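Enquirer: The structure file final23.cif (mmCIF, C-alpha atoms) is provided below.
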data_start
loop_
_atom_site.label_atom_id
_atom_site.label_comp_id
_atom_site.auth_asym_id
_atom_site.auth_seq_id
_atom_site.Cartn_x
_atom_site.Cartn_y
_atom_site.Cartn_z
CA MET L 1 41.06 -218.04 -0.28
CA LYS L 2 43.95 -215.58 -0.28
CA ASP L 3 45.90 -217.89 2.05
CA LEU L 4 45.33 -220.79 -0.34
CA GLN L 5 46.45 -218.76 -3.37
CA LYS L 6 49.54 -217.61 -1.51
CA ARG L 7 50.37 -221.19 -0.52
CA ILE L 8 50.10 -222.29 -4.15
CA SER L 9 52.17 -219.34 -5.37
CA LEU L 10 54.99 -220.27 -2.95
CA GLY L 11 55.35 -223.67 -4.61
CA GLU L 12 55.94 -227.18 -3.33
CA ASP L 13 57.74 -227.94 -0.09
CA SER L 14 57.65 -230.51 2.73
CA TYR L 15 54.09 -229.50 3.60
CA THR L 16 52.60 -228.86 0.14
CA GLN L 17 52.44 -231.18 -2.86
CA PHE L 18 50.84 -230.48 -6.27
CA LYS L 19 49.31 -233.01 -8.66
CA VAL L 20 47.51 -232.31 -11.94
CA ASN L 21 45.49 -235.48 -11.40
CA ILE L 22 45.82 -238.92 -9.80
CA THR L 23 44.46 -242.19 -11.14
CA ASN L 24 46.78 -244.68 -9.44
CA SER L 25 45.78 -245.84 -5.94
CA ASP L 26 49.35 -246.92 -5.09
CA LYS L 27 50.73 -243.45 -5.89
CA LEU L 28 48.03 -241.78 -3.81
CA ALA L 29 48.76 -244.10 -0.89
CA GLU L 30 52.44 -243.18 -1.07
CA GLU L 31 51.60 -239.46 -0.84
CA PHE L 32 49.39 -240.05 2.21
CA VAL L 33 51.97 -242.26 3.93
CA ALA L 34 54.78 -239.75 3.32
CA PHE L 35 52.81 -236.91 4.91
CA SER L 36 51.67 -239.09 7.83
CA ASN L 37 55.23 -240.22 8.62
CA ALA L 38 56.46 -236.61 8.46
CA LYS L 39 54.72 -233.51 9.82
CA GLY L 40 51.56 -233.68 7.74
CA GLY L 41 50.64 -231.42 4.84
CA TRP L 42 48.37 -230.64 1.90
CA LEU L 43 48.05 -232.62 -1.30
CA ILE L 44 46.49 -230.23 -3.85
CA ILE L 45 45.09 -231.88 -6.97
CA GLY L 46 44.37 -229.78 -10.04
CA VAL L 47 47.61 -227.79 -9.91
CA ASP L 48 50.75 -228.49 -11.94
CA ASP L 49 54.35 -228.51 -10.67
CA GLY L 50 54.76 -224.84 -11.53
CA GLY L 51 51.79 -223.78 -9.41
CA ASN L 52 49.46 -223.17 -12.38
CA ILE L 53 45.79 -223.90 -11.75
CA VAL L 54 44.75 -226.64 -14.18
CA GLY L 55 41.48 -227.54 -12.50
CA LEU L 56 39.32 -230.65 -12.29
CA ASN L 57 35.95 -231.43 -13.83
CA ASP L 58 33.06 -232.81 -11.80
CA HIS L 59 33.68 -236.34 -13.04
CA ASP L 60 37.31 -236.16 -11.82
CA ILE L 61 36.22 -234.91 -8.42
CA ARG L 62 33.69 -237.72 -7.95
CA ARG L 63 36.26 -240.30 -9.06
CA LEU L 64 38.95 -238.86 -6.78
CA ASN L 65 36.65 -238.84 -3.76
CA GLN L 66 35.90 -242.51 -4.34
CA LEU L 67 39.61 -243.25 -4.89
CA ILE L 68 40.54 -241.48 -1.66
CA GLY L 69 37.99 -243.51 0.30
CA ASN L 70 39.26 -246.76 -1.17
CA VAL L 71 42.92 -245.90 -0.52
CA ILE L 72 42.55 -244.91 3.13
CA ASN L 73 40.54 -248.08 3.82
CA ALA L 74 42.61 -250.61 1.90
CA ASN L 75 46.02 -249.20 0.98
CA ILE L 76 47.41 -247.71 4.21
CA ASN L 77 48.29 -249.29 7.53
CA PRO L 78 47.43 -248.11 10.12
CA PRO L 79 44.50 -246.18 8.59
CA ILE L 80 44.48 -242.39 8.34
CA TYR L 81 41.59 -239.92 8.10
CA PRO L 82 42.38 -236.96 5.84
CA LEU L 83 40.13 -233.95 5.37
CA VAL L 84 39.01 -233.38 1.76
CA LYS L 85 37.85 -229.97 0.48
CA ILE L 86 36.84 -228.57 -2.91
CA GLU L 87 37.94 -225.01 -3.64
CA GLU L 88 37.44 -222.83 -6.71
CA ILE L 89 40.07 -220.44 -8.06
CA ALA L 90 39.49 -218.44 -11.28
CA ALA L 91 36.44 -220.60 -12.06
CA LYS L 92 38.54 -223.76 -11.82
CA LYS L 93 37.91 -226.43 -9.19
CA ILE L 94 40.74 -228.01 -7.23
CA LEU L 95 40.75 -230.71 -4.58
CA ILE L 96 42.63 -230.15 -1.32
CA ILE L 97 43.47 -233.14 0.87
CA GLU L 98 44.75 -232.23 4.34
CA VAL L 99 46.77 -235.02 5.95
CA ASP L 100 47.71 -234.64 9.61
CA GLU L 101 50.96 -235.85 11.11
CA GLY L 102 50.30 -239.43 12.12
CA MET L 103 49.75 -240.35 15.75
CA ASN L 104 50.53 -244.04 15.11
CA LYS L 105 53.79 -243.92 13.18
CA PRO L 106 55.21 -245.57 11.22
CA TYR L 107 52.69 -245.80 8.37
CA ALA L 108 53.11 -248.10 5.39
CA THR L 109 51.38 -248.74 2.09
CA ASN L 110 49.74 -252.10 1.49
CA LYS L 111 52.87 -252.92 -0.54
CA GLY L 112 54.95 -252.63 2.63
CA LEU L 113 56.59 -249.31 1.70
CA TYR L 114 57.54 -246.94 4.52
CA ILE L 115 57.91 -243.47 2.99
CA THR L 116 58.41 -239.98 4.39
CA LYS L 117 58.88 -236.47 3.04
CA ALA L 118 62.22 -235.14 1.82
CA GLY L 119 61.60 -231.52 0.92
CA SER L 120 59.00 -231.48 -1.82
CA ASP L 121 59.83 -235.06 -2.74
CA LYS L 122 59.51 -238.43 -0.99
CA ARG L 123 62.03 -241.02 0.13
CA LYS L 124 62.02 -244.44 1.74
CA VAL L 125 62.43 -244.50 5.51
CA SER L 126 65.82 -245.94 6.48
CA SER L 127 66.00 -249.02 8.68
CA GLU L 128 67.38 -246.93 11.57
CA GLU L 129 64.61 -244.34 11.22
CA LEU L 130 62.04 -247.12 11.03
CA ARG L 131 63.19 -248.62 14.33
CA ARG L 132 63.04 -245.19 15.95
CA LEU L 133 59.55 -244.55 14.60
CA PHE L 134 58.39 -247.87 16.03
CA ALA L 135 60.01 -246.90 19.34
CA GLU L 136 58.31 -243.50 19.42
CA SER L 137 54.95 -245.18 18.87
CA LYS L 138 55.76 -247.62 21.71
CA LYS L 139 55.66 -250.59 19.32
CA LEU L 140 59.36 -251.22 19.85
CA TYR L 141 62.00 -250.10 22.32
CA ALA L 142 65.69 -249.92 21.51
CA ASP L 143 66.77 -251.62 24.73
CA GLU L 144 64.66 -254.74 24.05
CA GLU L 145 66.26 -255.47 20.68
CA GLU L 146 68.23 -258.71 20.62
CA LEU L 147 71.89 -258.70 19.64
CA LYS L 148 72.17 -261.61 17.22
CA ALA L 149 75.92 -262.12 17.72
CA THR L 150 75.54 -262.76 21.47
CA ASP L 151 74.50 -265.64 23.68
CA ILE L 152 74.37 -266.38 27.40
CA THR L 153 78.15 -266.87 27.59
CA ASP L 154 78.53 -263.11 26.98
CA LEU L 155 76.65 -262.43 30.23
CA ASN L 156 78.31 -261.64 33.55
CA ILE L 157 76.35 -264.25 35.51
CA GLU L 158 77.89 -263.34 38.86
CA PHE L 159 76.84 -259.72 38.45
CA PHE L 160 73.31 -260.83 37.50
CA TYR L 161 73.13 -262.96 40.66
CA GLN L 162 74.16 -259.94 42.73
CA PHE L 163 71.40 -257.88 41.10
CA LEU L 164 68.82 -260.60 41.67
CA ALA L 165 69.74 -261.01 45.34
CA THR L 166 69.12 -257.27 45.80
CA GLU L 167 66.03 -256.89 43.62
CA ASP L 168 64.06 -260.02 44.57
CA ARG L 169 65.44 -262.37 47.21
CA ASN L 170 62.57 -264.80 46.75
CA ILE L 171 63.38 -265.35 43.05
CA TYR L 172 67.07 -265.63 43.94
CA ASP L 173 66.34 -268.34 46.51
CA ASN L 174 64.10 -270.23 44.08
CA LEU L 175 66.90 -270.12 41.52
CA LYS L 176 69.39 -271.51 44.04
CA ASN L 177 66.96 -274.25 45.04
CA GLY L 178 66.40 -275.28 41.43
CA ASP L 179 62.74 -274.26 41.44
CA LEU L 180 63.36 -271.70 38.68
CA LYS L 181 65.58 -271.85 35.60
CA LEU L 182 68.14 -269.13 34.98
CA GLU L 183 67.08 -268.75 31.33
CA THR L 184 63.45 -268.17 32.36
CA ILE L 185 64.43 -265.44 34.82
CA LEU L 186 66.70 -263.76 32.26
CA GLU L 187 63.88 -263.72 29.70
CA ASN L 188 61.38 -262.36 32.23
CA TYR L 189 63.71 -259.47 33.05
CA GLY L 190 64.28 -258.70 29.36
CA VAL L 191 67.98 -259.56 29.60
CA ILE L 192 67.76 -262.44 27.10
CA LYS L 193 65.49 -262.86 24.08
CA ASN L 194 65.56 -265.91 21.81
CA ASN L 195 68.82 -267.03 23.43
CA HIS L 196 70.51 -263.70 22.61
CA LEU L 197 71.34 -260.80 24.91
CA THR L 198 69.07 -257.80 24.49
CA LEU L 199 70.66 -254.38 24.20
CA ALA L 200 69.72 -253.73 27.84
CA GLY L 201 71.14 -257.09 28.90
CA ASN L 202 74.45 -256.32 27.21
CA LEU L 203 74.65 -252.76 28.54
CA ILE L 204 74.02 -253.81 32.14
CA PHE L 205 75.37 -257.35 32.39
CA GLY L 206 77.60 -257.77 29.33
CA ILE L 207 81.17 -259.00 29.82
CA LEU L 208 82.48 -257.19 26.73
CA THR L 209 79.82 -254.54 26.29
CA GLN L 210 81.45 -252.49 23.51
CA LYS L 211 82.25 -255.59 21.46
CA PHE L 212 78.58 -255.72 20.53
CA CYS L 213 77.73 -252.03 21.14
CA PRO L 214 80.88 -250.23 19.94
CA SER L 215 79.33 -246.74 19.82
CA PHE L 216 77.90 -246.77 23.33
CA TYR L 217 80.65 -245.36 25.54
CA VAL L 218 81.39 -242.01 27.22
CA ASP L 219 83.89 -239.48 25.87
CA CYS L 220 85.25 -237.15 28.56
CA VAL L 221 87.42 -234.11 27.83
CA TYR L 222 88.54 -231.25 30.06
CA PHE L 223 89.33 -228.39 27.68
CA ILE L 224 91.68 -225.60 28.70
CA GLY L 225 89.65 -222.38 28.68
CA ASP L 226 85.97 -221.87 27.91
CA ASP L 227 85.79 -222.75 24.21
CA ILE L 228 85.28 -226.18 22.64
CA SER L 229 87.37 -225.09 19.66
CA SER L 230 90.44 -225.04 21.91
CA ASN L 231 93.14 -227.41 20.65
CA GLN L 232 94.43 -227.96 24.17
CA TYR L 233 93.00 -230.11 26.92
CA LEU L 234 93.92 -230.74 30.51
CA SER L 235 92.64 -234.31 30.61
CA GLU L 236 90.66 -236.78 28.50
CA ALA L 237 89.27 -240.29 28.82
CA ARG L 238 87.26 -242.68 26.65
CA ILE L 239 85.26 -244.70 29.16
CA LYS L 240 84.06 -248.15 28.18
CA GLY L 241 82.42 -251.04 29.99
CA SER L 242 79.01 -251.89 31.39
CA LEU L 243 76.52 -249.26 32.54
CA LYS L 244 77.87 -249.43 36.11
CA THR L 245 81.45 -248.84 34.92
CA LEU L 246 80.38 -245.98 32.65
CA TYR L 247 78.57 -244.35 35.55
CA GLU L 248 81.30 -244.76 38.16
CA ASP L 249 84.20 -243.75 35.91
CA SER L 250 82.34 -240.76 34.43
CA LEU L 251 81.47 -239.53 37.91
CA ARG L 252 85.08 -240.04 39.00
CA PHE L 253 86.39 -238.08 35.99
CA ILE L 254 84.24 -235.04 36.73
CA VAL L 255 84.66 -235.02 40.51
CA SER L 256 88.43 -235.43 40.29
CA HIS L 257 88.65 -232.23 38.23
CA LEU L 258 86.31 -230.08 40.32
CA ARG L 259 87.58 -227.42 42.69
CA ARG L 260 87.02 -227.67 46.41
CA TYR L 261 86.65 -224.67 48.64
CA GLN L 262 87.03 -224.20 52.36
CA VAL L 263 83.82 -224.00 54.37
CA GLU L 264 84.93 -224.45 57.96
CA LYS L 265 87.54 -222.26 59.64
CA ASP L 266 89.79 -225.20 60.38
CA PHE L 267 92.46 -225.28 57.65
CA ASN L 268 92.55 -229.08 57.79
CA SER L 269 88.79 -229.51 57.30
CA ASN L 270 87.50 -231.23 54.18
CA GLY L 271 86.77 -228.89 51.28
CA LYS L 272 83.35 -228.72 49.65
CA LEU L 273 82.92 -229.51 45.97
CA GLU L 274 82.01 -226.52 43.81
CA ILE L 275 79.13 -228.61 42.37
CA ASP L 276 77.17 -231.02 44.54
CA GLU L 277 78.08 -234.61 43.68
CA ILE L 278 74.39 -235.61 43.78
CA VAL L 279 73.71 -233.24 40.90
CA ILE L 280 76.50 -234.71 38.78
CA SER L 281 75.43 -238.24 39.63
CA GLU L 282 71.82 -237.63 38.61
CA LEU L 283 72.82 -236.06 35.29
CA ILE L 284 75.11 -238.96 34.38
CA ILE L 285 72.41 -241.50 35.26
CA ASN L 286 69.89 -239.53 33.20
CA ALA L 287 72.25 -239.63 30.21
CA LEU L 288 72.92 -243.37 30.48
CA VAL L 289 69.35 -244.53 31.10
CA HIS L 290 67.33 -242.11 28.97
CA ARG L 291 69.52 -241.49 25.91
CA ASP L 292 68.40 -242.59 22.45
CA TYR L 293 70.10 -245.93 21.77
CA TYR L 294 68.95 -245.89 18.15
CA ILE L 295 71.62 -243.23 17.56
CA ASN L 296 75.06 -244.79 17.28
CA ALA L 297 77.06 -242.16 19.12
CA PRO L 298 78.74 -241.78 22.53
CA ILE L 299 77.68 -239.59 25.42
CA ASN L 300 79.96 -236.54 25.60
CA ILE L 301 81.11 -234.96 28.85
CA PHE L 302 82.95 -231.71 28.22
CA MET L 303 84.50 -229.76 31.09
CA PHE L 304 85.56 -226.13 30.78
CA ASP L 305 86.87 -223.58 33.25
CA ASP L 306 83.39 -222.06 33.61
CA ARG L 307 81.00 -224.98 32.97
CA ILE L 308 80.36 -228.69 32.43
CA GLU L 309 78.36 -229.98 29.46
CA ILE L 310 76.79 -233.44 29.40
CA ILE L 311 75.42 -234.23 25.95
CA ASN L 312 73.06 -237.16 25.37
CA PRO L 313 72.42 -238.52 21.86
CA GLY L 314 68.74 -238.00 21.04
CA LYS L 315 66.19 -235.31 21.73
CA LEU L 316 63.51 -235.74 24.39
CA THR L 317 61.16 -238.56 23.47
CA ASN L 318 57.56 -238.16 22.29
CA SER L 319 55.74 -235.19 23.84
CA LEU L 320 58.27 -234.47 26.57
CA THR L 321 59.58 -230.92 26.90
CA VAL L 322 62.11 -229.27 29.18
CA GLU L 323 59.29 -227.75 31.22
CA LYS L 324 57.63 -231.14 31.66
CA ILE L 325 60.78 -232.88 32.91
CA LYS L 326 61.36 -230.02 35.33
CA ARG L 327 57.96 -230.86 36.81
CA GLY L 328 58.96 -234.51 37.19
CA ILE L 329 57.01 -235.85 34.20
CA SER L 330 58.81 -238.75 32.52
CA ILE L 331 58.27 -241.16 29.63
CA HIS L 332 60.50 -244.22 29.66
CA ARG L 333 62.38 -244.48 26.40
CA ASN L 334 64.24 -247.57 27.61
CA PRO L 335 61.90 -249.44 30.00
CA ILE L 336 64.18 -252.44 30.65
CA LEU L 337 67.12 -250.20 31.48
CA ASN L 338 64.89 -248.07 33.67
CA SER L 339 63.56 -251.06 35.62
CA ILE L 340 66.94 -252.75 36.20
CA ALA L 341 69.42 -249.88 36.34
CA LYS L 342 67.90 -248.43 39.51
CA TYR L 343 69.22 -251.49 41.38
CA VAL L 344 72.62 -251.18 39.74
CA LEU L 345 73.08 -247.40 39.80
CA HIS L 346 71.05 -246.69 42.97
CA TYR L 347 68.51 -244.17 41.75
CA SER L 348 64.75 -244.05 42.19
CA GLY L 349 63.68 -244.44 38.56
CA ARG L 350 60.54 -242.38 39.26
CA GLY L 351 61.39 -239.43 37.04
CA SER L 352 62.36 -237.32 40.06
CA GLY L 353 66.03 -236.84 39.15
CA ILE L 354 65.62 -233.47 37.41
CA LYS L 355 63.44 -232.15 40.24
CA ARG L 356 66.07 -233.30 42.74
CA ILE L 357 68.77 -231.48 40.78
CA LEU L 358 66.76 -228.26 40.70
CA SER L 359 66.10 -228.50 44.43
CA ILE L 360 69.88 -228.43 44.97
CA THR L 361 70.97 -225.90 42.36
CA SER L 362 69.53 -223.48 39.83
CA ASN L 363 72.84 -223.22 37.97
CA VAL L 364 71.86 -225.80 35.39
CA GLU L 365 70.45 -225.36 31.90
CA PHE L 366 68.61 -228.02 29.88
CA ILE L 367 68.57 -227.75 26.09
CA ASN L 368 66.41 -230.05 23.95
CA ASP L 369 68.13 -229.64 20.57
CA ILE L 370 65.66 -231.12 18.09
CA GLU L 371 67.69 -230.20 15.00
CA GLN L 372 70.94 -231.74 16.27
CA GLU L 373 69.11 -234.70 17.85
CA GLN L 374 70.67 -234.24 21.27
CA PHE L 375 69.80 -233.27 24.84
CA LYS L 376 72.33 -231.06 26.57
CA CYS L 377 72.77 -230.27 30.28
CA ILE L 378 75.00 -227.32 31.14
CA LEU L 379 76.25 -226.88 34.71
CA ALA L 380 77.77 -223.51 35.59
CA ARG L 381 80.91 -223.70 37.73
#
Could you render the structure from this file as structure tokens?

Expert:
Amino acid sequence: MKDLQKRISLGEDSYTQFKVNITNSDKLAEEFVAFSNAKGGWLIIGVDDGGNIVGLNDHDIRRLNQLIGNVINANINPPIYPLVKIEEIAAKKILIIEVDEGMNKPYATNKGLYITKAGSDKRKVSSEELRRLFAESKKLYADEEELKATDITDLNIEFFYQFLATEDRNIYDNLKNGDLKLETILENYGVIKNNHLTLAGNLIFGILTQKFCPSFYVDCVYFIGDDISSNQYLSEARIKGSLKTLYEDSLRFIVSHLRRYQVEKDFNSNGKLEIDEIVISELIINALVHRDYYINAPINIFMFDDRIEIINPGKLTNSLTVEKIKRGISIHRNPILNSIAKYVLHYSGRGSGIKRILSITSNVEFINDIEQEQFKCILAR
């Protein structure tokens, strides 16, 4: 009881909402949807905006219980199952409705409204947020979205043939023999949808990738010193092109600026890179394949005298944590990219990249920055 009184005394926030009373089913549905699309919370009925206990009579409580049952069955999709409690403070009854964070986001009212919390208030979910919520619930993936301004003429057909010959020679031969249509194969691989390139199709096989995905490139900068606030740099490059070009040119940028040191006694022997090239390669592939493509921002590669930072747009997806990815656990944020890119970028695609990195070096730090919506890898030099 003391915890409840303290919560009320602290006022409304993203997790606590007060209502003197509710008679409108649409308004109640909006409250439930907002909590479900956010982190959950308590709707406390019988308390005014200032935290004063107004209370409810028995008739109100019976009516509200019936209203709650009707709303969760008919006014919310997908359905939710809140916990309803009656508490008494200073001889006044209040109704507490506990709504958990939804496991099947996004939630909508029967009017088609997608709402979430914004502090103690509510707001409509933006179209970009909505796509990401669908993606997180595995109802939609960013890389399968079709790019309406594209068609098959924007596809590098020769490069697709090369991929097909490597990935499935039987399908390639059937295509050459006329037993299969090119459009059917492209659709089956998720490269084309409704006669338009998908995001994955454009990223991997697009002729002018950034024409249709202008934010998806790699920014590389080698700063002089150890501080990103430095206004001097040794080298910089804005890398554009398909996924293969982004990978190869990003790798080339980093490797060309790494130091080499002598291992063998022979002065003319080849020097060894200060950071294993396999480690750099795996981190770049991880950034390209697993980044959040709902965020319109480039991948950043920052080099300093003492470290390299590779910054992916988007935090780790769903329930993934740094500890889980270190153990080789993976959830595919971009399944089409993951299935095709391993034949283009020559990686396993089994979620073993991070484990492989850690088997080579311990001088790497992974930071899942939830607030900044980014995943950062820091390699010590």

Enquirer: List the neighbours of segment 200-217 of chain L out to 9 Å using all atoms listed in the file; skip same-chain residues closer than 6 positions along the sequence, and give me the result as an NGL selection string.

Expert: :L and (142-147 or 149-150 or 153-157 or 159-160 or 186 or 189-192 or 238-244 or 246 or 293 or 295-300 or 334 or 336-337 or 340-341 or 344)

Enquirer: Please identify all polymer residues within 8 Å of Val364 of chain L, counting all atoms listed in the file, omitting same-chain residues fewer than 6 positions from it, and present them as JSON, numbers by chain.

Expert: {"L": [358, 377, 378, 379, 380]}

Enquirer: If the PyMOL selection byres ((chain L and resi 35) around 8) were run on this exact file, what residues would it hold? Put them as a tab-separated table (two decimals) with C-alpha atoms, in the frame of the given file.

Expert:
chain	number	residue	atom	x	y	z
L	15	TYR	CA	54.09	-229.50	3.60
L	31	GLU	CA	51.60	-239.46	-0.84
L	32	PHE	CA	49.39	-240.05	2.21
L	33	VAL	CA	51.97	-242.26	3.93
L	34	ALA	CA	54.78	-239.75	3.32
L	36	SER	CA	51.67	-239.09	7.83
L	37	ASN	CA	55.23	-240.22	8.62
L	38	ALA	CA	56.46	-236.61	8.46
L	39	LYS	CA	54.72	-233.51	9.82
L	40	GLY	CA	51.56	-233.68	7.74
L	41	GLY	CA	50.64	-231.42	4.84
L	99	VAL	CA	46.77	-235.02	5.95
L	100	ASP	CA	47.71	-234.64	9.61
L	101	GLU	CA	50.96	-235.85	11.11
L	116	THR	CA	58.41	-239.98	4.39
L	117	LYS	CA	58.88	-236.47	3.04

Enquirer: One decimal, in Å: what's the spacing between atom CA of Ile115 of chain L and atom CA of Leu130 of chain L?

Expert: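 Separation between atom CA of Ile115 of chain L and atom CA of Leu130 of chain L: 9.7 Å.
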
Enquirer: Once the PyMOL selection byres ((chain L and resi 322) around 12) has been evaluated on this model, what residues remain selected, and can you format them as a list in words?

Expert: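 Residues picked by the PyMOL selection byres ((chain L and resi 322) around 12): Lys315, Leu316, Thr317, Ser319, Leu320, Thr321, Glu323, Lys324, Ile325, Lys326, Arg327, Gly328, Ile329, Ser330, Ile354, Lys355, Glu365, Phe366, Ile367, Asn368, Asp369, Ile370, Phe375, Lys376 and Cys377 of chain L.
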
Enquirer: Near Gly51 of chain L, within 12 Å and counting all atoms listed in the file, which residues show up once chain neighbours fewer than 2 positions away are dropped, as a list of chain:residue names?

Expert: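 Selected residues are L:Leu4, L:Gln5, L:Lys6, L:Arg7, L:Ile8, L:Ser9, L:Leu10, L:Gly11, L:Glu12, L:Asp13, L:Thr16, L:Gln17, L:Phe18, L:Lys19, L:Val20, L:Ile44, L:Ile45, L:Gly46, L:Val47, L:Asp48, L:Asp49, L:Ile53, L:Val54, L:Gly55.
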
Enquirer: Between L:Gln162, L:Thr109, L:Asn312, L:Ser120, which is the closest to Gln372 of chain L once you count all atoms listed in the file?

Expert: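 Of L:Gln162, L:Thr109, L:Asn312, L:Ser120, the one nearest Gln372 of chain L is L:Asn312, counting all atoms listed in the file.
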
Enquirer: Ranking L:Gln232, L:Asp173, L:Arg381, L:Asn104 by minimum distance to Leu273 of chain L and counting only C-alpha atoms, which one comes first?

Expert: L:Arg381

Enquirer: Nearest to Gly69 of chain L: which of L:Ala108, L:Leu182, L:Ile331, L:Leu28 is it, counting all atoms listed in the file?

Expert: L:Leu28

Enquirer: To one decimal place in Å, what is the distance between atom CA of Ile254 of chain L and atom CA of Glu371 of chain L?

Expert: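 Interatomic distance here is 27.7 Å.
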
Enquirer: What gap, in Å, lies between atom CA of Met303 of chain L and atom CA of Tyr222 of chain L?

Expert: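 Computed distance, atom CA of Met303 of chain L to atom CA of Tyr222 of chain L, equals 4.4 Å.
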
Enquirer: Pick out the closest residue to Ser250 of chain L from this set: L:Ser281, L:Asn73, L:Asn65, L:Thr361. Count only C-alpha atoms.

Expert: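 Counting only C-alpha atoms, the residue closest to Ser250 of chain L is L:Ser281.
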
Enquirer: Taking the file above as input, evaluate the PyMOL selection byres ((chain L and resi 251-253) around 9) and report the hits as an mmCIF file with C-alpha atoms, in the coordinates of the input.

Expert:
data_model
loop_
_atom_site.group_PDB
_atom_site.id
_atom_site.type_symbol
_atom_site.label_atom_id
_atom_site.label_comp_id
_atom_site.auth_asym_id
_atom_site.auth_seq_id
_atom_site.Cartn_x
_atom_site.Cartn_y
_atom_site.Cartn_z
ATOM 1 C CA CYS L 220 85.250 -237.150 28.560
ATOM 2 C CA GLU L 236 90.660 -236.780 28.500
ATOM 3 C CA ALA L 237 89.270 -240.290 28.820
ATOM 4 C CA LEU L 246 80.380 -245.980 32.650
ATOM 5 C CA TYR L 247 78.570 -244.350 35.550
ATOM 6 C CA GLU L 248 81.300 -244.760 38.160
ATOM 7 C CA ASP L 249 84.200 -243.750 35.910
ATOM 8 C CA SER L 250 82.340 -240.760 34.430
ATOM 9 C CA ILE L 254 84.240 -235.040 36.730
ATOM 10 C CA VAL L 255 84.660 -235.020 40.510
ATOM 11 C CA SER L 256 88.430 -235.430 40.290
ATOM 12 C CA HIS L 257 88.650 -232.230 38.230
ATOM 13 C CA GLU L 277 78.080 -234.610 43.680
ATOM 14 C CA ILE L 280 76.500 -234.710 38.780
ATOM 15 C CA SER L 281 75.430 -238.240 39.630
ATOM 16 C CA ILE L 284 75.110 -238.960 34.380
#

Enquirer: Could you list as a compact mmCIF listing (two decimals) with C-alpha atoms, keeping the file's coordinate frame every residue that has an atom within 12 Å of (85.6, -224.6, 43.5), using the file's coordinates and counting all atoms listed in the file?

Expert:
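Here's the written file point.txt:
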# COMPACT_ATOMS: atom_id res chain seq x y z
CA VAL L 255 84.66 -235.02 40.51
CA SER L 256 88.43 -235.43 40.29
CA HIS L 257 88.65 -232.23 38.23
CA LEU L 258 86.31 -230.08 40.32
CA ARG L 259 87.58 -227.42 42.69
CA ARG L 260 87.02 -227.67 46.41
CA TYR L 261 86.65 -224.67 48.64
CA GLN L 262 87.03 -224.20 52.36
CA VAL L 263 83.82 -224.00 54.37
CA GLY L 271 86.77 -228.89 51.28
CA LYS L 272 83.35 -228.72 49.65
CA LEU L 273 82.92 -229.51 45.97
CA GLU L 274 82.01 -226.52 43.81
CA ILE L 275 79.13 -228.61 42.37
CA ASP L 276 77.17 -231.02 44.54
CA ASP L 305 86.87 -223.58 33.25
CA ASP L 306 83.39 -222.06 33.61
CA ARG L 307 81.00 -224.98 32.97
CA ALA L 380 77.77 -223.51 35.59
CA ARG L 381 80.91 -223.70 37.73

Enquirer: Compare L:Leu283, L:Ile311, L:Ile224, L:Tyr294 by their minimum atom-to-atom distance to Glu128 of chain L, counting all atoms listed in the file, and give me the closest one.

Expert: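 The closest residue to Glu128 of chain L is L:Tyr294.
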
Enquirer: Using all atoms listed in the file, can you tell me which of L:Leu113, L:Ala165, L:Ile301, L:Ile96 comes closest to Asn75 of chain L?

Expert: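 Residue with the minimum atom-to-atom distance to Asn75 of chain L: L:Leu113.
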
Enquirer: Name the residues in contact with Asn24 of chain L at a cut-off of 12 Å, using only C-alpha atoms, excluding same-chain residues fewer than 6 positions from it; report them as an NGL selection string.

Expert: :L and (30-31 or 63-64 or 67-68 or 70-71 or 75)

Enquirer: Once you have the residues from the selection above, write them out as a CSV table (one decimal), in the coordinates of the input, restricted to C-alpha atoms.

Expert:
chain,number,residue,atom,x,y,z
L,30,GLU,CA,52.4,-243.2,-1.1
L,31,GLU,CA,51.6,-239.5,-0.8
L,63,ARG,CA,36.3,-240.3,-9.1
L,64,LEU,CA,39.0,-238.9,-6.8
L,67,LEU,CA,39.6,-243.2,-4.9
L,68,ILE,CA,40.5,-241.5,-1.7
L,70,ASN,CA,39.3,-246.8,-1.2
L,71,VAL,CA,42.9,-245.9,-0.5
L,75,ASN,CA,46.0,-249.2,1.0

Enquirer: Select segment 308-324 of chain L in the preceding structure and write C-alpha atoms to a file as a PDB file, in the first residue's frame.

Expert:
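Wrote it out as part-v5.pdb, contents follow:
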ATOM      1  CA  ILE L 308      39.104   1.850 -34.558  1.00  0.00           C
ATOM      2  CA  GLU L 309      35.371   2.378 -34.070  1.00  0.00           C
ATOM      3  CA  ILE L 310      32.764   0.768 -36.329  1.00  0.00           C
ATOM      4  CA  ILE L 311      29.317   2.158 -35.584  1.00  0.00           C
ATOM      5  CA  ASN L 312      26.167   0.460 -36.910  1.00  0.00           C
ATOM      6  CA  PRO L 313      22.816   2.291 -36.969  1.00  0.00           C
ATOM      7  CA  GLY L 314      20.411   0.447 -34.667  1.00  0.00           C
ATOM      8  CA  LYS L 315      20.708  -1.341 -31.354  1.00  0.00           C
ATOM      9  CA  LEU L 316      20.724  -5.130 -31.136  1.00  0.00           C
ATOM     10  CA  THR L 317      17.412  -6.554 -32.288  1.00  0.00           C
ATOM     11  CA  ASN L 318      14.757  -8.110 -30.044  1.00  0.00           C
ATOM     12  CA  SER L 319      16.174  -9.962 -27.020  1.00  0.00           C
ATOM     13  CA  LEU L 320      19.783 -10.045 -28.180  1.00  0.00           C
ATOM     14  CA  THR L 321      22.458  -8.802 -25.792  1.00  0.00           C
ATOM     15  CA  VAL L 322      26.218  -8.414 -26.058  1.00  0.00           C
ATOM     16  CA  GLU L 323      26.688 -11.535 -23.942  1.00  0.00           C
ATOM     17  CA  LYS L 324      24.400 -13.553 -26.215  1.00  0.00           C
TER      18      LYS L 324
END
